[in-house]
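entry-v5.cif, holding mmCIF, C-alpha atoms and all ligand atoms:
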```
data_target
loop_
_atom_site.group_PDB
_atom_site.id
_atom_site.type_symbol
_atom_site.label_atom_id
_atom_site.label_comp_id
_atom_site.auth_asym_id
_atom_site.auth_seq_id
_atom_site.Cartn_x
_atom_site.Cartn_y
_atom_site.Cartn_z
ATOM 1 C CA MET M 717 140.733 100.338 168.490
ATOM 2 C CA PRO M 718 139.145 100.468 165.035
ATOM 3 C CA ILE M 719 141.523 101.974 162.511
ATOM 4 C CA ARG M 720 139.814 103.997 159.826
ATOM 5 C CA THR M 721 142.136 104.592 156.918
ATOM 6 C CA ALA M 722 140.153 106.690 154.454
ATOM 7 C CA SER M 723 136.695 107.636 153.331
ATOM 8 C CA ALA M 724 135.084 106.106 150.284
ATOM 9 C CA ALA M 725 135.550 109.459 148.565
ATOM 10 C CA SER M 726 139.327 109.165 148.777
ATOM 11 C CA THR M 727 141.319 110.394 145.788
ATOM 12 C CA ALA M 728 144.585 109.289 147.419
ATOM 13 C CA GLU M 729 144.149 105.559 146.846
ATOM 14 C CA PRO M 730 147.163 104.059 148.598
ATOM 15 C CA GLY M 731 146.968 100.369 147.730
ATOM 16 C CA THR M 732 149.548 97.878 148.881
ATOM 17 C CA LYS M 733 152.191 98.181 146.173
ATOM 18 C CA ASN M 734 155.812 98.430 147.218
ATOM 19 C CA ARG M 735 157.445 101.012 144.955
ATOM 20 C CA ALA M 736 160.890 99.902 146.087
ATOM 21 C CA SER M 737 160.469 96.354 144.746
ATOM 22 C CA ALA M 738 162.294 95.327 141.563
ATOM 23 C CA LEU M 739 159.051 93.985 140.065
ATOM 24 C CA HIS M 740 157.272 97.302 140.573
ATOM 25 C CA LYS M 741 160.192 99.189 139.020
ATOM 26 C CA VAL M 742 160.251 96.980 135.922
ATOM 27 C CA ARG M 743 156.480 97.231 135.442
ATOM 28 C CA TYR M 744 156.607 100.992 135.964
ATOM 29 C CA ALA M 745 159.436 101.375 133.434
ATOM 30 C CA VAL M 746 157.461 99.411 130.848
ATOM 31 C CA ARG M 747 154.353 101.557 131.432
ATOM 32 C CA HIS M 748 156.264 104.887 131.545
ATOM 33 C CA PRO M 749 159.443 104.553 129.440
ATOM 34 C CA GLN M 750 159.750 108.339 129.179
ATOM 35 C CA ARG M 751 160.338 108.535 132.958
ATOM 36 C CA VAL M 752 163.268 106.114 132.976
ATOM 37 C CA PRO M 753 166.026 108.706 132.257
ATOM 38 C CA ARG M 754 164.842 110.851 135.188
ATOM 39 C CA TYR M 755 164.818 107.827 137.486
ATOM 40 C CA VAL M 756 168.337 106.874 136.388
ATOM 41 C CA ARG M 757 169.529 110.427 137.107
ATOM 42 C CA ARG M 758 167.980 110.250 140.583
ATOM 43 C CA LEU M 759 169.543 106.856 141.175
ATOM 44 C CA ALA M 760 173.003 108.153 140.215
ATOM 45 C CA ARG M 761 172.566 111.147 142.504
ATOM 46 C CA ASP M 762 171.378 108.903 145.319
ATOM 47 C CA LEU M 763 174.490 106.725 145.019
ATOM 48 C CA ARG M 764 176.767 109.790 144.960
ATOM 49 C CA LEU M 765 175.092 111.485 147.941
ATOM 50 C CA ARG M 766 174.831 108.281 149.922
ATOM 51 C CA VAL M 767 178.602 108.048 150.170
ATOM 52 C CA SER M 768 179.233 111.764 150.652
ATOM 53 C CA THR M 769 176.645 112.587 153.374
ATOM 54 C CA ARG M 770 176.630 111.413 156.973
ATOM 55 C CA ASP M 771 172.891 111.163 157.726
ATOM 56 C CA HIS M 772 169.440 111.634 156.242
ATOM 57 C CA ILE M 773 169.267 115.388 156.928
ATOM 58 C CA ALA M 774 172.619 116.011 155.239
ATOM 59 C CA TYR M 775 171.515 113.791 152.365
ATOM 60 C CA TYR M 776 168.187 115.550 151.871
ATOM 61 C CA ARG M 777 169.778 118.981 152.245
ATOM 62 C CA ALA M 778 172.089 118.035 149.362
ATOM 63 C CA VAL M 779 169.089 116.845 147.317
ATOM 64 C CA MET M 780 167.399 120.198 147.923
ATOM 65 C CA ARG M 781 170.570 122.100 146.982
ATOM 66 C CA ASP M 782 170.727 120.252 143.687
ATOM 67 C CA ASP M 783 167.008 120.643 142.942
ATOM 68 C CA THR M 784 166.773 124.286 144.057
ATOM 69 C CA ALA M 785 169.678 125.273 141.818
ATOM 70 C CA ARG M 786 167.632 123.996 138.879
ATOM 71 C CA ASN M 787 164.250 125.422 139.894
ATOM 72 C CA PRO M 788 162.984 126.209 143.442
ATOM 73 C CA GLU M 789 159.342 125.591 142.534
ATOM 74 C CA ALA M 790 160.179 122.190 141.092
ATOM 75 C CA ALA M 791 162.363 121.512 144.155
ATOM 76 C CA VAL M 792 159.266 121.590 146.388
ATOM 77 C CA GLY M 793 157.472 119.251 144.018
ATOM 78 C CA SER M 794 155.604 121.477 141.563
ATOM 79 C CA ALA M 795 155.964 120.739 137.865
ATOM 80 C CA SER M 796 154.860 124.251 136.837
ATOM 81 C CA HIS M 797 154.213 127.670 138.360
ATOM 82 C CA GLU M 798 150.471 127.038 138.016
ATOM 83 C CA ARG M 799 150.828 123.838 140.075
ATOM 84 C CA TRP M 800 152.970 125.692 142.629
ATOM 85 C CA LEU M 801 150.192 128.259 143.040
ATOM 86 C CA ALA M 802 147.454 125.618 143.147
ATOM 87 C CA LEU M 803 149.199 123.428 145.754
ATOM 88 C CA GLY M 804 149.772 126.421 147.982
ATOM 89 C CA GLU M 805 146.165 127.490 147.632
ATOM 90 C CA MET M 806 144.959 123.986 148.511
ATOM 91 C CA GLN M 807 146.899 124.018 151.796
ATOM 92 C CA TYR M 808 145.786 127.551 152.612
ATOM 93 C CA ASP M 809 142.109 126.983 151.809
ATOM 94 C CA TYR M 810 142.096 123.803 153.894
ATOM 95 C CA LEU M 811 143.328 125.582 157.017
ATOM 96 C CA LEU M 812 140.917 128.462 156.431
ATOM 97 C CA ARG M 813 138.058 125.951 156.245
ATOM 98 C CA HIS M 814 139.326 124.578 159.541
ATOM 99 C CA GLY M 815 139.025 127.962 161.176
ATOM 100 C CA LEU M 816 142.468 129.560 160.739
ATOM 101 C CA ARG M 817 142.328 133.121 162.082
ATOM 102 C CA PRO M 818 144.687 136.074 161.584
ATOM 103 C CA ASP M 819 145.759 135.895 165.221
ATOM 104 C CA ASP M 820 146.790 132.236 164.999
ATOM 105 C CA ARG M 821 150.514 131.611 165.396
ATOM 106 C CA LEU M 822 151.624 129.212 162.689
ATOM 107 C CA LEU M 823 154.752 127.076 162.539
ATOM 108 C CA ASP M 824 155.374 125.790 159.010
ATOM 109 C CA ILE M 825 157.764 122.824 159.250
ATOM 110 C CA GLY M 826 159.640 122.289 155.988
ATOM 111 C CA CYS M 827 158.289 125.569 154.626
ATOM 112 C CA GLY M 828 160.211 125.279 151.349
ATOM 113 C CA ASN M 829 159.971 128.370 149.159
ATOM 114 C CA LEU M 830 156.636 129.334 150.727
ATOM 115 C CA ARG M 831 154.324 127.670 148.237
ATOM 116 C CA ALA M 832 151.622 127.945 150.888
ATOM 117 C CA GLY M 833 153.672 130.077 153.254
ATOM 118 C CA TRP M 834 153.290 133.335 151.357
ATOM 119 C CA ARG M 835 149.515 133.030 151.632
ATOM 120 C CA PHE M 836 149.722 132.337 155.379
ATOM 121 C CA ILE M 837 152.118 135.281 155.844
ATOM 122 C CA ASP M 838 149.743 137.561 153.947
ATOM 123 C CA TYR M 839 146.717 136.434 155.982
ATOM 124 C CA LEU M 840 148.180 136.215 159.481
ATOM 125 C CA ASP M 841 148.986 139.131 161.755
ATOM 126 C CA ALA M 842 152.547 140.439 161.482
ATOM 127 C CA GLY M 843 155.042 138.160 163.205
ATOM 128 C CA HIS M 844 152.632 135.215 163.390
ATOM 129 C CA TYR M 845 154.294 133.049 160.733
ATOM 130 C CA HIS M 846 157.451 131.042 161.387
ATOM 131 C CA GLY M 847 158.850 128.770 158.671
ATOM 132 C CA ILE M 848 161.663 126.326 159.353
ATOM 133 C CA ASP M 849 163.591 124.198 156.910
ATOM 134 C CA ILE M 850 166.776 122.140 156.726
ATOM 135 C CA SER M 851 167.753 123.615 153.356
ATOM 136 C CA PRO M 852 169.591 126.966 153.257
ATOM 137 C CA ASP M 853 169.080 127.079 149.505
ATOM 138 C CA ILE M 854 165.300 126.826 149.659
ATOM 139 C CA LEU M 855 165.206 129.390 152.490
ATOM 140 C CA LEU M 856 167.034 131.856 150.248
ATOM 141 C CA ALA M 857 164.419 131.161 147.588
ATOM 142 C CA ALA M 858 161.742 131.727 150.261
ATOM 143 C CA GLN M 859 163.177 135.168 151.011
ATOM 144 C CA GLU M 860 162.853 136.033 147.342
ATOM 145 C CA VAL M 861 159.182 135.098 147.486
ATOM 146 C CA VAL M 862 158.662 137.321 150.557
ATOM 147 C CA ALA M 863 160.328 140.232 148.765
ATOM 148 C CA GLY M 864 158.636 139.542 145.428
ATOM 149 C CA ARG M 865 155.194 139.548 147.027
ATOM 150 C CA GLY M 866 155.879 142.634 149.132
ATOM 151 C CA LEU M 867 155.343 140.824 152.434
ATOM 152 C CA GLN M 868 158.268 142.345 154.342
ATOM 153 C CA ALA M 869 156.041 144.255 156.775
ATOM 154 C CA LYS M 870 154.472 140.967 157.893
ATOM 155 C CA LEU M 871 157.809 140.097 159.520
ATOM 156 C CA PRO M 872 157.844 136.400 158.663
ATOM 157 C CA LEU M 873 160.482 134.398 160.490
ATOM 158 C CA LEU M 874 162.405 131.924 158.359
ATOM 159 C CA SER M 875 164.861 129.698 160.210
ATOM 160 C CA LEU M 876 167.374 127.090 159.192
ATOM 161 C CA VAL M 877 167.279 123.966 161.356
ATOM 162 C CA ARG M 878 169.413 120.851 161.486
ATOM 163 C CA ASP M 879 166.815 118.659 163.209
ATOM 164 C CA LEU M 880 163.215 118.669 164.392
ATOM 165 C CA ARG M 881 163.839 119.003 168.120
ATOM 166 C CA LEU M 882 162.410 122.547 167.801
ATOM 167 C CA ALA M 883 164.760 123.506 170.617
ATOM 168 C CA ALA M 884 164.958 127.214 169.749
ATOM 169 C CA LEU M 885 161.178 127.682 169.688
ATOM 170 C CA PRO M 886 159.046 128.907 172.598
ATOM 171 C CA GLU M 887 156.903 126.616 174.704
ATOM 172 C CA ALA M 888 153.129 126.358 174.113
ATOM 173 C CA HIS M 889 153.332 129.113 171.488
ATOM 174 C CA PHE M 890 151.977 127.832 168.171
ATOM 175 C CA THR M 891 148.250 127.388 167.723
ATOM 176 C CA VAL M 892 148.774 125.705 164.341
ATOM 177 C CA VAL M 893 151.730 123.594 163.258
ATOM 178 C CA HIS M 894 151.798 122.490 159.661
ATOM 179 C CA ALA M 895 154.063 120.158 157.673
ATOM 180 C CA HIS M 896 153.042 119.612 154.077
ATOM 181 C CA SER M 897 154.971 117.079 152.017
ATOM 182 C CA VAL M 898 157.752 116.813 154.609
ATOM 183 C CA PHE M 899 157.143 113.441 156.271
ATOM 184 C CA SER M 900 156.649 112.038 152.767
ATOM 185 C CA HIS M 901 160.416 112.651 152.492
ATOM 186 C CA SER M 902 161.331 111.609 156.024
ATOM 187 C CA PRO M 903 162.487 108.353 157.576
ATOM 188 C CA ARG M 904 160.701 107.186 160.698
ATOM 189 C CA GLU M 905 163.337 108.560 163.092
ATOM 190 C CA VAL M 906 162.787 112.112 161.784
ATOM 191 C CA ILE M 907 159.012 111.818 162.264
ATOM 192 C CA ASP M 908 159.585 110.312 165.688
ATOM 193 C CA GLU M 909 161.851 113.201 166.659
ATOM 194 C CA CYS M 910 159.275 115.746 165.516
ATOM 195 C CA LEU M 911 156.437 114.039 167.385
ATOM 196 C CA ALA M 912 158.616 113.818 170.484
ATOM 197 C CA HIS M 913 159.045 117.601 170.552
ATOM 198 C CA VAL M 914 156.070 119.199 168.826
ATOM 199 C CA GLY M 915 153.867 118.882 171.927
ATOM 200 C CA ARG M 916 156.174 121.291 173.784
ATOM 201 C CA VAL M 917 155.683 124.130 171.282
ATOM 202 C CA LEU M 918 151.993 123.463 170.589
ATOM 203 C CA ALA M 919 149.631 125.831 172.415
ATOM 204 C CA PRO M 920 146.795 124.278 174.452
ATOM 205 C CA GLY M 921 143.984 123.529 172.000
ATOM 206 C CA GLY M 922 146.364 123.811 169.059
ATOM 207 C CA TYR M 923 146.894 121.205 166.353
ATOM 208 C CA PHE M 924 149.637 119.831 164.160
ATOM 209 C CA ASP M 925 148.686 118.751 160.628
ATOM 210 C CA PHE M 926 151.061 116.734 158.514
ATOM 211 C CA THR M 927 150.749 114.965 155.200
ATOM 212 C CA PHE M 928 152.302 111.582 154.416
ATOM 213 C CA ASN M 929 152.454 109.010 151.642
ATOM 214 C CA ARG M 930 150.027 106.325 152.713
ATOM 215 C CA THR M 931 150.383 102.647 152.034
ATOM 216 C CA GLU M 932 148.233 99.774 153.151
ATOM 217 C CA GLY M 933 151.044 97.344 152.398
ATOM 218 C CA SER M 934 154.479 97.237 153.942
ATOM 219 C CA GLU M 935 156.209 100.500 154.720
ATOM 220 C CA HIS M 936 159.028 101.301 152.318
ATOM 221 C CA HIS M 937 160.987 104.083 150.673
ATOM 222 C CA VAL M 938 162.205 104.901 147.184
ATOM 223 C CA LEU M 939 165.788 106.193 146.966
ATOM 224 C CA ARG M 940 165.477 107.650 150.505
ATOM 225 C CA GLU M 941 163.547 110.539 148.932
ATOM 226 C CA ASP M 942 159.991 109.199 149.145
ATOM 227 C CA PHE M 943 158.726 107.307 152.200
ATOM 228 C CA TYR M 944 155.462 105.347 152.518
ATOM 229 C CA TYR M 945 153.755 104.757 155.878
ATOM 230 C CA ARG M 946 150.755 102.972 157.284
ATOM 231 C CA THR M 947 148.276 105.295 158.997
ATOM 232 C CA ALA M 948 147.992 103.121 162.102
ATOM 233 C CA ASN M 949 151.764 103.175 162.634
ATOM 234 C CA LEU M 950 151.914 106.969 162.550
ATOM 235 C CA VAL M 951 148.943 107.204 164.911
ATOM 236 C CA ARG M 952 150.741 104.834 167.278
ATOM 237 C CA LEU M 953 153.948 106.853 167.029
ATOM 238 C CA ALA M 954 152.048 109.998 168.040
ATOM 239 C CA ALA M 955 150.458 108.117 170.949
ATOM 240 C CA ASP M 956 153.917 107.025 172.102
ATOM 241 C CA HIS M 957 154.583 110.711 172.693
ATOM 242 C CA GLY M 958 151.306 111.363 174.487
ATOM 243 C CA LEU M 959 149.635 112.900 171.439
ATOM 244 C CA ALA M 960 146.270 112.099 169.904
ATOM 245 C CA ALA M 961 146.186 111.634 166.145
ATOM 246 C CA ARG M 962 143.357 111.318 163.691
ATOM 247 C CA PHE M 963 143.110 110.711 159.980
ATOM 248 C CA MET M 964 141.637 113.702 158.130
ATOM 249 C CA ASP M 965 138.925 112.316 155.881
ATOM 250 C CA ASP M 966 138.052 115.674 154.344
ATOM 251 C CA TRP M 967 141.596 116.069 152.981
ATOM 252 C CA GLU M 968 141.038 112.868 150.984
ATOM 253 C CA GLU M 969 138.387 114.648 148.950
ATOM 254 C CA LEU M 970 141.016 116.985 147.515
ATOM 255 C CA PRO M 971 143.046 116.174 144.406
ATOM 256 C CA HIS M 972 146.253 115.332 146.253
ATOM 257 C CA ARG M 973 148.159 112.055 146.445
ATOM 258 C CA GLN M 974 149.163 112.330 150.085
ATOM 259 C CA SER M 975 146.990 111.835 153.138
ATOM 260 C CA LYS M 976 146.776 113.997 156.228
ATOM 261 C CA ILE M 977 146.870 113.343 159.962
ATOM 262 C CA ARG M 978 146.011 115.871 162.675
ATOM 263 C CA VAL M 979 147.785 115.641 166.017
ATOM 264 C CA THR M 980 146.630 117.314 169.217
ATOM 265 C CA HIS M 981 147.503 117.189 172.891
ATOM 266 C CA GLY M 982 145.992 114.342 174.865
ATOM 267 C CA ASP M 983 143.347 111.796 173.950
ATOM 268 C CA VAL M 984 140.662 111.714 171.269
ATOM 269 C CA HIS M 985 137.740 109.304 171.286
ATOM 270 C CA SER M 986 138.974 105.927 170.175
ATOM 271 C CA ASP M 987 136.506 105.713 167.251
ATOM 272 C CA GLU M 988 138.026 108.916 165.852
ATOM 273 C CA ALA M 989 141.619 107.770 166.106
ATOM 274 C CA ALA M 990 143.085 106.289 162.988
HETATM 275 C C1 LIG M 1001 158.305 118.893 149.107
HETATM 276 S S1 LIG M 1001 158.941 120.301 149.929
HETATM 277 C C2 LIG M 1001 157.445 121.035 150.563
HETATM 278 C C3 LIG M 1001 157.640 122.465 150.976
HETATM 279 C C4 LIG M 1001 156.385 123.145 151.546
HETATM 280 N N1 LIG M 1001 155.917 122.497 152.745
HETATM 281 C C5 LIG M 1001 155.331 123.178 150.485
HETATM 282 O O1 LIG M 1001 154.316 122.495 150.609
HETATM 283 O O2 LIG M 1001 155.553 123.842 149.491
HETATM 284 C C6 LIG M 1001 159.665 119.594 151.409
HETATM 285 C C7 LIG M 1001 160.435 120.636 152.217
HETATM 286 O O3 LIG M 1001 160.703 120.096 153.498
HETATM 287 C C8 LIG M 1001 162.059 120.340 153.820
HETATM 288 N N2 LIG M 1001 162.453 119.281 154.751
HETATM 289 C C9 LIG M 1001 162.654 117.973 154.475
HETATM 290 N N3 LIG M 1001 162.972 117.307 155.598
HETATM 291 C C10 LIG M 1001 162.939 118.215 156.609
HETATM 292 C C11 LIG M 1001 163.167 118.149 158.007
HETATM 293 N N4 LIG M 1001 163.495 116.997 158.605
HETATM 294 N N5 LIG M 1001 163.044 119.273 158.736
HETATM 295 C C12 LIG M 1001 162.703 120.455 158.145
HETATM 296 N N6 LIG M 1001 162.493 120.589 156.818
HETATM 297 C C13 LIG M 1001 162.604 119.479 156.057
HETATM 298 C C14 LIG M 1001 162.783 120.330 152.493
HETATM 299 O O4 LIG M 1001 164.016 121.004 152.550
HETATM 300 C C15 LIG M 1001 161.755 121.010 151.605
HETATM 301 O O5 LIG M 1001 161.898 122.408 151.601
#
```

Please go through the file and, once you have read it, give me the structure as structure tokens.
Ligand SMILES: C[S@@+](CC[C@H](N)C(=O)[O-])C[C@H]1O[C@@H](n2cnc3c(N)ncnc32)[C@H](O)[C@@H]1O
Amino acid sequence: MPIRTASAASTAEPGTKNRASALHKVRYAVRHPQRVPRYVRRLARDLRLRVSTRDHIAYYRAVMRDDTARNPEAAVGSASHERWLALGEMQYDYLLRHGLRPDDRLLDIGCGNLRAGWRFIDYLDAGHYHGIDISPDILLAAQEVVAGRGLQAKLPLLSLVRDLRLAALPEAHFTVVHAHSVFSHSPREVIDECLAHVGRVLAPGGYFDFTFNRTEGSEHHVLREDFYYRTANLVRLAADHGLAARFMDDWEELPHRQSKIRVTHGDVHSDEAA
């Protein structure tokens, strides 16, 4: 099967570099000395949390607690409020271009503090948005966004989860499942768990879009916070669970570092799969 990795227009140039290697770290520190103190702080936190948490979810929940206490918008990866707004708009506009309708039922996995979620809630019919997250702290911040934007009447559901088995969610219900910047922070077993269960909650004809950090070299992670995957491996993982996956070329045209894969029930033509 030919594996297409990206269009020529890609802005998310993945390369083969391994950000976890000592050589990369030294070179990076020389090029960006101002970022060294932040990296050292993250390293110290990683060491502390590594001994005090039992698994990845507990670890990442603690990371989110720490980050959210400082600034919820920064905790979901936005350096400023303007970036928070822009990143949410990018996700929202993309799904609109792909035909999102008010009567779609959307599951937002790792919804954070509703950077995109508030726009989906506003657009969708009441009760059609369900956000889930492992972090109680960011879900409290999400509730503030719902209240601050006057979206109470849209009845958004916001649920705390401890895993991605999606066990409490109804079968064949969601026409759109969305996970932005979640698998970029997830080890393979978390992605595997999600792909093993998402087919159950996905409505016939529905799709699951997720973003990921793409590498064309070896898969690796940095401080268990940022994970890098090869497209073909994620496509294969989806296939292992009876799902078809394809690389979304049009997402590459947007100014975003991550790439996007769309997963659906069943097979796609082999020349589309990558
Ligand atoms: C970088 S933020 C992105 C939030 C949101 N999707 C957005 O684009 O603004 C990642 C979010 O995913 C959540 N998260 C990470 N791993 C998760 C998991 N295994 N299941 C559910 N949520 C997860 C984090 O708590 C955090 O809120």

Closest-contact table, chain M side, partner ligand LIG 1001 (chain M), 6 Å, counting all atoms listed in the file, as a Markdown table:
```
| residue | atom | partner | partner_atom | distance |
| --- | --- | --- | --- | --- |
| M:Met780 | CA | M:LIG1001 | O4 | 5.8 |
| M:Val792 | CA | M:LIG1001 | S1 | 3.8 |
| M:Gly793 | CA | M:LIG1001 | C1 | 5.2 |
| M:Ile825 | CA | M:LIG1001 | C12 | 5.6 |
| M:Gly826 | CA | M:LIG1001 | N6 | 3.4 |
| M:Cys827 | CA | M:LIG1001 | N1 | 4.3 |
| M:Gly828 | CA | M:LIG1001 | O5 | 3.3 |
| M:Leu830 | CA | M:LIG1001 | O2 | 5.7 |
| M:Arg831 | CA | M:LIG1001 | O2 | 4.2 |
| M:Ala832 | CA | M:LIG1001 | O2 | 5.9 |
| M:Asp849 | CA | M:LIG1001 | N6 | 3.8 |
| M:Ile850 | CA | M:LIG1001 | N6 | 4.6 |
| M:Ser851 | CA | M:LIG1001 | O4 | 4.6 |
| M:Ile854 | CA | M:LIG1001 | O5 | 5.9 |
| M:Asp879 | CA | M:LIG1001 | N5 | 5.9 |
| M:Leu880 | CA | M:LIG1001 | N5 | 5.7 |
| M:Ala895 | CA | M:LIG1001 | N1 | 5.8 |
| M:His896 | CA | M:LIG1001 | N1 | 4.3 |
| M:Ser897 | CA | M:LIG1001 | C1 | 4.8 |
| M:Val898 | CA | M:LIG1001 | O3 | 4.6 |
| M:Ser902 | CA | M:LIG1001 | N3 | 5.9 |
| M:Val906 | CA | M:LIG1001 | N4 | 5.9 |
```

Within-12 Å shell of (144.4, 128.2, 156.8) in input frame, all atoms listed in the file, as a ChimeraX atom specification: /M:804-824,832-840,845,891-894,925

Nearby residues, (168.6, 121.8, 144.8) file frame, 12 Å, all atoms listed in the file, as a PyMOL selection string: chain M and resi 761+775-793+828-829+851-857

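Interatomic distance, atom CA of Leu803 of chain M to atom CA of Leu970 of chain M: 10.6 Å.
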
Taking 3 positions as the minimum chain separation for residues in the same chain, which residues sit within 7 Å of Leu939 of chain M when counting all atoms listed in the file? Answer as a CSV table (one decimal) with C-alpha atoms, in the coordinates of the input.
```
chain,number,residue,atom,x,y,z
M,759,LEU,CA,169.5,106.9,141.2
M,762,ASP,CA,171.4,108.9,145.3
M,942,ASP,CA,160.0,109.2,149.1
```

Atomic separation - atom CA of Glu968 of chain M relative to atom CA of Leu950 of chain M, Å: 16.9 Å

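Going from atom CA of Ala738 of chain M to atom CA of Val938 of chain M covers 11.1 Å.
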
Selected residue, from M:Asn734, M:Ser900, M:Ser875, M:Thr769, that lies nearest to Asn929 of chain M when counting only C-alpha atoms: M:Ser900
